[in-house]
Structure formats: C-alpha cells, structure tokens
Amino acid sequence: MTTFRSSTAAEPLGPYAHARRAGGLLFLSGIGPRTRGRKDIPGATVDASGRLLDYDIEAEIRSCFDNVRIILEEAGCRWDDIVDVAVYLTDMTRDWKEYNRIYAEFFPPGAPNLPTRTTVEVSALPTGGNTPIHVEVKVIVALPSTTTR
C-alpha cells in the first residue's frame, strides 16, 4: 500500500494523504472546495469581519471535482476509473437540486462507466479556508492495470 499526496491540488487540512493505493483501488480522502495555496472558499461571500454571508454551492462543487480530477491525473488515473462517489452536503434542502444538476455534468446519466453514489447531509464540514465548506467529495477508483502494484 502506498500513499499519495498531490503537488497541485488543494492541501489537506490535516495529517493525511490525498489518496492511498490498496490492491487495485485508489481511495481518496474527503476533498473540499479550495485552491492550492489559497484560503478563500470559491463562491463564498463574506463581510468585512470575515463572517460568511452566503455561499455558492455550484462554485464549491466544481472546485471539489476540479481537485478530484487533479489528484486522479497525478496518480495516473482517469475520471472514468471512478467506481464510487460519496458526497457530503450541509444543506440538502437548499442544495440538492443544484448539486444533482452539476453532478450530472460530471457523471452523465447513461454513461457506460457511471459510478455508484451516496449523498448524505451532515451538520457541518471543516472550515477549509476563510469560511466553513458546504460540500465534500470522496471517491474510490479502480486503478488502471498499468498503475496497480
């Protein structure tokens, strides 16, 4: 088993790897909406004191998926290698419709390699930068045979 840490995706918020290979699978840690080296959360609107006023779930979701894609590519995997997706939302009522629409752009219904998916609402996610985040994505990937060790 080997661990993997991306050199371009947003840094982990704690002492953990971006991903870990085990057998023919790559397990990604929960990936949040940030950009490497930056503290702001995409789409967050804050007041002068830094208090969150509003957030844009689309910007957060796209940022999460961008980070997932970066990690996969650096690990030698492709988007189509994803076999399972877990998504954590802090407000299912507010964000479900938009989340589902954006998710379908990345994983089109009827695609031959459509992964399984679990989506749950959680009471909170970490403050990933200047504000709390409202979505986190975790994926499991089937490693291409050339990267399996």
# chains A, B, ... in the order shown; residues from 1 in each chain; ligands from 1
>>> residues_around(residues="Arg62 of chain A", least_positions_apart="4", cutoff="8 Å", atoms="only C-alpha atoms", output="list in words")
Pro33, Glu58, Asp66 and Ile102 of chain A
>>> write_last_selection(atoms="C-alpha atoms", output="compact mmCIF listing (two decimals), in the first residue's frame")
# COMPACT_ATOMS: atom_id res chain seq x y z
CA PRO A 33 -13.56 23.22 -2.33
CA GLU A 58 -22.08 25.34 -7.65
CA ASP A 66 -11.50 20.00 -10.03
CA ILE A 102 -23.90 19.73 -11.61
>>> residues_around(residues="segment 128-138 of chain A", least_positions_apart="6", cutoff="6 Å", atoms="only C-alpha atoms", output="list in words")
Leu28, Ser29, Gly30, Ile31, Gly32, Lys39, Asp40, Val85, Ala86, Val87, Tyr88, Leu89 and Thr90 of chain A
>>> atom_distance(atom1="atom CA of Glu98 of chain A", atom2="atom CA of Asp81 of chain A")
24.5 Å
>>> closest_residue(among="A:Ala124, A:Val139, A:Ala9, A:Gly23", to="Ile71 of chain A", atoms="only C-alpha atoms")
A:Ala9
>>> select_by_dssp(residues="chain A", states="helix (DSSP H, G or I)", output="ChimeraX atom specification")
/A:57-74,79-81,92-106
>>> atom_distance(atom1="atom CA of His18 of chain A", atom2="atom CA of Arg5 of chain A")
5.0 Å
>>> residues_around(residues="Ala142 of chain A", least_positions_apart="2", cutoff="8 Å", atoms="only C-alpha atoms", output="list in words")
Gly24, Leu25, Leu26, Asp81, Ile82, Val83, Ile140 and Pro144 of chain A
>>> select_by_dssp(residues="segment 10-53 of chain A", states="strand (DSSP E or B)", output="PyMOL selection string")
chain A and resi 19-22+25-28+31+45-46+52-53
